[in-house]
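Asks: Next up is a structure, given as structure tokens.
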Amino acid sequence: MARMFRVLGFWCLVIALMAFAGHMTEFSLLFFFQAIAFFFLGYLNFTERTYILMFWAYMILSFLGFSYWTIFKMDLPF
């Protein structure tokens with residue numbers, strides 16, 4: 001399971017680099033931060049249960065953040 005967190009870190013790094021190349025600075029910084037966090041957590045060698053709980057917490061936080069941003073911060077499309 002620790003290896004999957006390093007894989008998540010790798011893909012976040014790839015997304016961050018593509019966003020940086022596309023001049024989306026805030027988006028790329030967010031994914032650079034996530035990549036660093038996933039790499040760091042991947043080398044701590046927690047138990048599998050701990051990794052699963054951390055992943056669920058990450059998914060809940062990201063869903064709440066995405067929902068908040070799309071409902072309250074984005075302009076209406078018309």
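Residues are named by chain letter and number: chains run A, B, ... in the order of the structure tokens, numbers start at 1 in each chain, and ligands are numbered from 1 in the order shown.
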From the DSSP assignment of the backbone, select every residue of region 7-78 of chain A that is helix (DSSP H, G or I), and format the answer as a PyMOL selection string.
Replies: chain A and resi 7-21+25-42+48-73
Asks: Write out as a PyMOL selection string which residues come within 10 Å of Arg6 (chain A) when counting only C-alpha atoms, dropping same-chain ones fewer than 3 positions away.
Replies: chain A and resi 1-3+9-12+35-43
Asks: Could you check how far CA of Phe31 (chain A) sits from CA of Leu61 (chain A), in Å to one decimal?
Replies: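 Between these atoms lies a distance of 14.6 Å.
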Asks: State, in Å with one decimal place, the distance from CA of Phe55 (chain A) to CA of Met18 (chain A).
Replies: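 Between CA of Phe55 (chain A) and CA of Met18 (chain A) the gap is 23.8 Å.
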Asks: Report, in Å to a single decimal, how far apart CA of Phe33 (chain A) and CA of Ile15 (chain A) are.
Replies: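 Between these atoms lies a distance of 11.6 Å.
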Asks: Might you pull out every residue within 12 Å of Phe20 (chain A), with only C-alpha atoms counted and same-chain residues fewer than 5 positions away left off, and present them as a PDB file with C-alpha atoms, in the first residue's frame?
Replies:
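The result, stored in around_28.pdb:
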```pdb
ATOM      1  CA  LEU A  13       3.843  15.158 -10.244  1.00  0.00           C
ATOM      2  CA  VAL A  14       3.049  14.377 -13.886  1.00  0.00           C
ATOM      3  CA  ILE A  15      -0.202  16.361 -13.688  1.00  0.00           C
ATOM      4  CA  THR A  25       0.285  28.074 -11.932  1.00  0.00           C
ATOM      5  CA  GLU A  26      -2.164  27.678  -9.031  1.00  0.00           C
ATOM      6  CA  PHE A  27      -3.314  24.294 -10.300  1.00  0.00           C
ATOM      7  CA  SER A  28       0.259  23.068 -10.727  1.00  0.00           C
ATOM      8  CA  LEU A  29       1.263  24.260  -7.230  1.00  0.00           C
ATOM      9  CA  LEU A  30      -1.649  22.355  -5.729  1.00  0.00           C
ATOM     10  CA  PHE A  31      -0.546  19.159  -7.454  1.00  0.00           C
ATOM     11  CA  PHE A  32       3.132  19.722  -6.587  1.00  0.00           C
TER      12      PHE A  32
END
```
